[in-house]
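Asks: What follows is a structure written as structure tokens; I'll ask about it next.
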Amino acid sequence: MKLLEQKILSEGRVKEDNILKVDEFLNHKLDIAFLNEIGKEFKKIFADKKIDKILTIEASGIAIACIAAQYFDNVPVVFAKKAKSQNLDGDCYTSVVESFTYKKSFTITVAEKFLKKGEKILIIDDFLAEGKAVRGLIDVINQAGAIIEGVGIVIEKGFQTGGKDLRALGLNVQSLCIIESMENGKVQFREV
């Protein structure tokens with residue numbers, strides 16, 4: 001997606017430890033017109049799939065998933081919470097996820113009533129690095145007996161193992177752009 005690559009080059013910043021800051025348009029301040037283009041692109045990519053729900057993880061994936069849901073006939077969006085709060089009632093699916101960005105583990109939680117056996121689920125998230133967040137969401141989907149129709153990622157760090165490992169599991173992982181390297185503060189994209 002050339003528009004995404006242009007946004008990363010013009011508004012993104014590379015920080016140490018392979019961190020790409022895209023807070024100007026994707027995961028702090030939100031460019032809604034741009035997110036609409038992302039939603040349309042995910043619909044094009046997964047047009048042949050019947051999607052019952054979109055699943056993401058708080059917090060950065062929520063806005064992307066909500067915008068994308070409009071293009072999938074306004075299917076519900078469910079997000080895994082990173083902390084079990086007092087207002088979660090009933091039984092829950094949980095999985096432990098290690099965050100690349102925050103360098104810590106947390107337990108994600110989804111109320112069982114929001115994921116049902118046999119439902120067709122599309123996972124959407126902002127970044128894919130080592131794939132641990134997606135693996136946690138997959139664990140939750142498997143606990144529910146739901147079906148993973150695909151994984152839509154806005155930005156994949158192709159120099160890390162997450163995408164390769166998830167595809168090796170047979171998952172339909174589709175990234176809107178794949179970064180090949182971020183050496184010396186310069187972003188290089190993988191040619192598709």
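Chains: A, B, ... in order of the structure tokens. Residues: from 1 per chain. Ligands: from 1, in order shown.
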Residues near A:Phe34, anyone? I mean within 12 Å using only C-alpha atoms, not counting same-chain ones fewer than 2 positions away, as a ChimeraX atom specification.
Replies: /A:1-8,24-26,29-32,36-41,63-64,67-68,154
Asks: Report as a ChimeraX atom specification all protein, DNA and RNA residues lying within 10 Å of A:Gly158, evaluated on only C-alpha atoms, omitting residues in the same chain fewer than 4 positions from it.
Replies: /A:128-130,162-164,175,177-181,189-190
